[in-house]
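Just input.pdb here, PDB, C-alpha atoms:
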ATOM      1  CA  MET A 490     -18.883   8.669 -10.643
ATOM      2  CA  LYS A 491     -16.368   8.042  -7.870
ATOM      3  CA  ARG A 492     -13.291   5.908  -8.511
ATOM      4  CA  VAL A 493     -10.794   4.605  -5.977
ATOM      5  CA  ILE A 494      -7.527   2.679  -6.252
ATOM      6  CA  VAL A 495      -6.867   0.294  -3.368
ATOM      7  CA  THR A 496      -3.434  -1.267  -2.936
ATOM      8  CA  GLY A 497      -2.977  -4.318  -0.777
ATOM      9  CA  ALA A 498      -6.350  -5.618  -1.867
ATOM     10  CA  ASN A 499      -5.713  -9.067  -0.401
ATOM     11  CA  GLY A 500      -4.777  -7.770   3.038
ATOM     12  CA  PHE A 501      -7.016  -7.463   6.088
ATOM     13  CA  ILE A 502      -7.681  -3.751   5.728
ATOM     14  CA  GLY A 503      -7.723  -3.635   1.927
ATOM     15  CA  SER A 504     -10.211  -6.482   1.514
ATOM     16  CA  ARG A 505     -12.638  -4.955   4.009
ATOM     17  CA  LEU A 506     -12.258  -1.503   2.535
ATOM     18  CA  ILE A 507     -13.103  -2.899  -0.911
ATOM     19  CA  ARG A 508     -16.253  -4.587   0.401
ATOM     20  CA  ARG A 509     -17.381  -1.295   1.933
ATOM     21  CA  LEU A 510     -16.632   0.801  -1.153
ATOM     22  CA  VAL A 511     -18.456  -1.488  -3.596
ATOM     23  CA  SER A 512     -21.441  -1.655  -1.241
ATOM     24  CA  GLU A 513     -21.617   2.134  -1.597
ATOM     25  CA  LYS A 514     -21.440   1.845  -5.407
ATOM     26  CA  ILE A 515     -17.949   3.285  -5.757
ATOM     27  CA  ASN A 516     -15.788   1.951  -8.598
ATOM     28  CA  VAL A 517     -12.779   0.211  -7.078
ATOM     29  CA  TYR A 518      -9.548  -0.636  -8.862
ATOM     30  CA  ALA A 519      -8.003  -3.243  -6.577
ATOM     31  CA  LEU A 520      -4.261  -3.756  -6.975
ATOM     32  CA  GLY A 521      -2.672  -6.935  -5.718
ATOM     33  CA  ARG A 522      -0.740 -10.075  -6.472
ATOM     34  CA  SER A 523      -3.710 -12.276  -5.564
ATOM     35  CA  PHE A 524      -7.319 -11.881  -4.518
ATOM     36  CA  GLU A 525      -8.140 -14.779  -2.176
ATOM     37  CA  ASN A 526      -9.645 -12.608   0.576
ATOM     38  CA  ILE A 527     -12.037 -10.755  -1.724
ATOM     39  CA  VAL A 528     -13.108 -13.719  -3.830
ATOM     40  CA  ASP A 529     -16.657 -13.480  -2.460
ATOM     41  CA  VAL A 530     -17.062  -9.928  -3.768
ATOM     42  CA  ASP A 531     -18.807 -10.353  -7.115
ATOM     43  CA  ASN A 532     -19.654  -6.846  -8.126
ATOM     44  CA  ALA A 533     -19.692  -4.684 -11.230
ATOM     45  CA  TYR A 534     -17.920  -1.971  -9.224
ATOM     46  CA  LEU A 535     -14.804  -4.098  -8.595
ATOM     47  CA  ASN A 536     -11.915  -4.191 -11.059
ATOM     48  CA  GLU A 537      -9.127  -6.588 -10.057
ATOM     49  CA  ILE A 538      -5.695  -5.679 -11.376
ATOM     50  CA  ARG A 539      -3.046  -8.318 -10.714
ATOM     51  CA  THR A 540       0.280  -6.550 -10.463
ATOM     52  CA  ASP A 541       3.292  -5.703  -8.345
ATOM     53  CA  LEU A 542       3.616  -2.063  -7.393
ATOM     54  CA  ASP A 543       7.251  -1.997  -8.497
ATOM     55  CA  ASP A 544       6.169  -2.707 -12.103
ATOM     56  CA  THR A 545       4.980   0.866 -12.744
ATOM     57  CA  ASP A 546       5.237   0.778 -16.546
ATOM     58  CA  ASN A 547       2.802  -2.100 -16.856
ATOM     59  CA  LEU A 548       0.665  -0.810 -13.988
ATOM     60  CA  LEU A 549      -0.074   2.426 -15.827
ATOM     61  CA  LYS A 550      -1.075   0.428 -18.916
ATOM     62  CA  LYS A 551      -3.388  -1.791 -16.866
ATOM     63  CA  LEU A 552      -5.055   1.201 -15.210
ATOM     64  CA  ASP A 553      -5.529   3.028 -18.526
ATOM     65  CA  TYR A 554      -5.710   6.287 -16.601
ATOM     66  CA  ASN A 555      -6.179   8.324 -19.798
ATOM     67  CA  SER A 556      -9.743   7.029 -20.141
ATOM     68  CA  TYR A 557     -10.942   8.674 -16.927
TER
END
I need this file expressed as structure tokens, please.
Amino acid sequence: MKRVIVTGANGFIGSRLIRRLVSEKINVYALGRSFENIVDVDNAYLNEIRTDLDDTDNLLKKLDYNSY
């Protein structure tokens, strides 16, 4: 199973990249402060993680990278 982390999920490139990845059945962990531009993506392959990239301690907890 493929997994991808996308930062800037609410941006122009990030939101379109996420749509493409989930359409190809790739698990996406979308990092961002908000998700207005990808609100229409309702997919089991999308995991929205609301965070700031400078908050690395909490980011690692939210990703739970040990379970991969």
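Between A:Val495 and the residues A:Arg509, A:Leu520, A:Lys550, A:Ile515, the shortest atom-to-atom distance, using all atoms listed in the file, involves A:Leu520.
If you look at atom CA of A:Leu535 and atom CA of A:Lys514, they are 9.5 Å away from each other.
Among the candidates A:Val493, A:Leu542, A:Leu548, A:Ala498, the residue lying nearest to A:Leu510 is A:Val493 (atoms considered: all atoms listed in the file).
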Residue nearest A:Thr496 among A:Glu513, A:Gly521, A:Leu552, A:Asp544 (counting all atoms listed in the file): A:Gly521
Name the residues captured by the PyMOL selection byres ((chain A and resi 500) around 10) when it is applied to the shown file; answer as a ChimeraX atom specification. /A:496-499,501-506,521,523-527
Once you have the residues from the selection above, write them out as a PDB file, in the frame of the given file, restricted to C-alpha atoms.
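So selection27.pdb came out as:
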ATOM      1  CA  THR A 496      -3.434  -1.267  -2.936  1.00  0.00           C
ATOM      2  CA  GLY A 497      -2.977  -4.318  -0.777  1.00  0.00           C
ATOM      3  CA  ALA A 498      -6.350  -5.618  -1.867  1.00  0.00           C
ATOM      4  CA  ASN A 499      -5.713  -9.067  -0.401  1.00  0.00           C
ATOM      5  CA  PHE A 501      -7.016  -7.463   6.088  1.00  0.00           C
ATOM      6  CA  ILE A 502      -7.681  -3.751   5.728  1.00  0.00           C
ATOM      7  CA  GLY A 503      -7.723  -3.635   1.927  1.00  0.00           C
ATOM      8  CA  SER A 504     -10.211  -6.482   1.514  1.00  0.00           C
ATOM      9  CA  ARG A 505     -12.638  -4.955   4.009  1.00  0.00           C
ATOM     10  CA  LEU A 506     -12.258  -1.503   2.535  1.00  0.00           C
ATOM     11  CA  GLY A 521      -2.672  -6.935  -5.718  1.00  0.00           C
ATOM     12  CA  SER A 523      -3.710 -12.276  -5.564  1.00  0.00           C
ATOM     13  CA  PHE A 524      -7.319 -11.881  -4.518  1.00  0.00           C
ATOM     14  CA  GLU A 525      -8.140 -14.779  -2.176  1.00  0.00           C
ATOM     15  CA  ASN A 526      -9.645 -12.608   0.576  1.00  0.00           C
ATOM     16  CA  ILE A 527     -12.037 -10.755  -1.724  1.00  0.00           C
TER      17      ILE A 527
END
